[in-house]
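Engineer: Just dropping this structure here.
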Amino acid sequence: VSTQSTGIVVVLLLELVLLVGSLVSKSRIIQHAQDGFQDFVNQYNNPDDDTMKKAVDAIQLNLECCGVHGQADYTPTPPLSCCRDRSISTWDQCSPNDQFVTGCNTKFPKFIGDVVNLFAVVIGFALVLDVVSMMGAFYVRQHSPKYDNLS
């Protein structure tokens, strides 16, 4: 058995483990992501970590939600990322029709689940592509003329 064959088998096994592991652990991945988001919302106004604030803002804007359970997660007022209108500079300027009132806990699990599913599809496609490529390589090797006497 050559080193190349061993490497190919290791890559295939790794892809298979990633595929099965992501699907089996999907609910734990979603729960872990929700817990992390809850921590981020709790620390939103922490002046030491702007990265956390940007992450929460991006999630709220993209999922059109506010906080974990709703606007009440923020005091005294929700952040501007809980408003659809991007031209405002204070929360008071956000009209009620533009406010995201639904908490992200209703949308976040589906979003994370979709990301895990997409990851599984990509890994599954790579696994199938690897297997088909190997079969083609083995076929070519078996049916090609031998070039042992090329001196």
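We name chains A, B, ... following the order of the structure tokens; residues begin at 1 in each chain, and ligands are numbered from 1 as shown.
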Using only C-alpha atoms, which residues of region 86-149 of chain A come within 12 Å of region 40-50 of chain A, and what is the closest atom pair for each, with the distance in Å to one decimal? Give it as a Markdown table, sorted by chain and residue number.

Structural biologist:
| residue | atom | partner | partner_atom | distance |
| --- | --- | --- | --- | --- |
| A:Gly103 | CA | A:Val41 | CA | 11.2 |
| A:Cys104 | CA | A:Val41 | CA | 10.4 |
| A:Asn105 | CA | A:Val41 | CA | 11.5 |

Engineer: Could those selected residues go to a file with N, CA and C atoms, as a PDB file, in the first residue's frame?

Structural biologist:
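File produced: again_8.pdb:
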ATOM      1  N   GLY A 103     -37.915  38.103  18.776  1.00  0.00           N
ATOM      2  CA  GLY A 103     -36.595  37.699  19.258  1.00  0.00           C
ATOM      3  C   GLY A 103     -35.917  36.763  18.276  1.00  0.00           C
ATOM      4  N   CYS A 104     -34.604  36.781  18.289  1.00  0.00           N
ATOM      5  CA  CYS A 104     -33.837  35.936  17.366  1.00  0.00           C
ATOM      6  C   CYS A 104     -33.935  34.449  17.715  1.00  0.00           C
ATOM      7  N   ASN A 105     -34.410  34.129  18.925  1.00  0.00           N
ATOM      8  CA  ASN A 105     -34.528  32.724  19.295  1.00  0.00           C
ATOM      9  C   ASN A 105     -35.516  31.972  18.409  1.00  0.00           C
TER      10      ASN A 105
END

Engineer: DSSP on the backbone: which residues in chain A end up as helix (DSSP H, G or I)? Give the answer as a PyMOL selection string.

Structural biologist: chain A and resi 3-24+26-42+50-63+71-73+80-82+91-93+96-98+104-106+108-143

Engineer: Taking 2 positions as the minimum chain separation for residues in the same chain, which residues sit within 10 Å of region 79-95 of chain A when counting only C-alpha atoms? Answer as a list of chain:residue names.

Structural biologist: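 Surrounding residues, per the criterion: A:Tyr44, A:Asn45, A:Lys53, A:Lys54, A:Val56, A:Asp57, A:Ala58, A:Ile59, A:Gln60, A:Leu61, A:Asn62, A:Glu64, A:Cys65, A:Cys66, A:Gly67, A:Gly70, A:Gln71, A:Tyr74, A:Thr75, A:Pro76, A:Thr77, A:Asn97, A:Asp98, A:Gln99, A:Phe100, A:Val101, A:Thr102, A:Gly103.
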
Engineer: What's the 10 Å shell around region 3-8 of chain A, counting only C-alpha atoms, without same-chain residues fewer than 6 positions away, as number ranges by chain?

Structural biologist: A: 14, 130-131, 134

Engineer: Just to confirm, what's the straight-line distance from CA of Val140 (chain A) to CA of Val121 (chain A) in Å (one decimal)?

Structural biologist: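 Computing the Euclidean distance for CA of Val140 (chain A) and CA of Val121 (chain A) yields 28.3 Å.
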
Engineer: Taking 5 positions as the minimum chain separation for residues in the same chain, which residues sit within 9 Å of Leu16 (chain A) when counting only C-alpha atoms? Answer as a PDB file with all heavy atoms, in the first residue's frame.

Structural biologist:
ATOM      1  N   VAL A  11      -8.129  11.035   3.939  1.00  0.00           N
ATOM      2  CA  VAL A  11      -8.971  12.161   3.537  1.00  0.00           C
ATOM      3  C   VAL A  11     -10.428  11.717   3.422  1.00  0.00           C
ATOM      4  O   VAL A  11     -11.341  12.414   3.898  1.00  0.00           O
ATOM      5  CB  VAL A  11      -8.475  12.785   2.207  1.00  0.00           C
ATOM      6  CG1 VAL A  11      -9.498  13.755   1.630  1.00  0.00           C
ATOM      7  CG2 VAL A  11      -7.145  13.471   2.417  1.00  0.00           C
ATOM      8  N   GLY A  21     -20.665  13.485  11.564  1.00  0.00           N
ATOM      9  CA  GLY A  21     -20.597  14.246  12.808  1.00  0.00           C
ATOM     10  C   GLY A  21     -21.433  15.507  12.786  1.00  0.00           C
ATOM     11  O   GLY A  21     -22.098  15.840  13.768  1.00  0.00           O
ATOM     12  N   ILE A 123     -19.614  18.884   2.102  1.00  0.00           N
ATOM     13  CA  ILE A 123     -18.744  17.764   2.460  1.00  0.00           C
ATOM     14  C   ILE A 123     -19.190  16.495   1.737  1.00  0.00           C
ATOM     15  O   ILE A 123     -18.359  15.727   1.230  1.00  0.00           O
ATOM     16  CB  ILE A 123     -18.721  17.548   3.991  1.00  0.00           C
ATOM     17  CG1 ILE A 123     -18.065  18.740   4.680  1.00  0.00           C
ATOM     18  CG2 ILE A 123     -17.995  16.263   4.354  1.00  0.00           C
ATOM     19  CD1 ILE A 123     -16.606  18.951   4.335  1.00  0.00           C
ATOM     20  N   GLY A 124     -20.490  16.272   1.659  1.00  0.00           N
ATOM     21  CA  GLY A 124     -21.005  15.101   0.940  1.00  0.00           C
ATOM     22  C   GLY A 124     -20.637  15.144  -0.533  1.00  0.00           C
ATOM     23  O   GLY A 124     -20.238  14.132  -1.121  1.00  0.00           O
ATOM     24  N   LEU A 127     -17.008  14.327  -0.879  1.00  0.00           N
ATOM     25  CA  LEU A 127     -16.816  12.891  -0.680  1.00  0.00           C
ATOM     26  C   LEU A 127     -17.171  12.109  -1.941  1.00  0.00           C
ATOM     27  O   LEU A 127     -16.394  11.257  -2.396  1.00  0.00           O
ATOM     28  CB  LEU A 127     -17.659  12.413   0.507  1.00  0.00           C
ATOM     29  CG  LEU A 127     -17.537  10.966   0.927  1.00  0.00           C
ATOM     30  CD1 LEU A 127     -16.126  10.678   1.417  1.00  0.00           C
ATOM     31  CD2 LEU A 127     -18.543  10.644   2.017  1.00  0.00           C
TER      32      LEU A 127
END
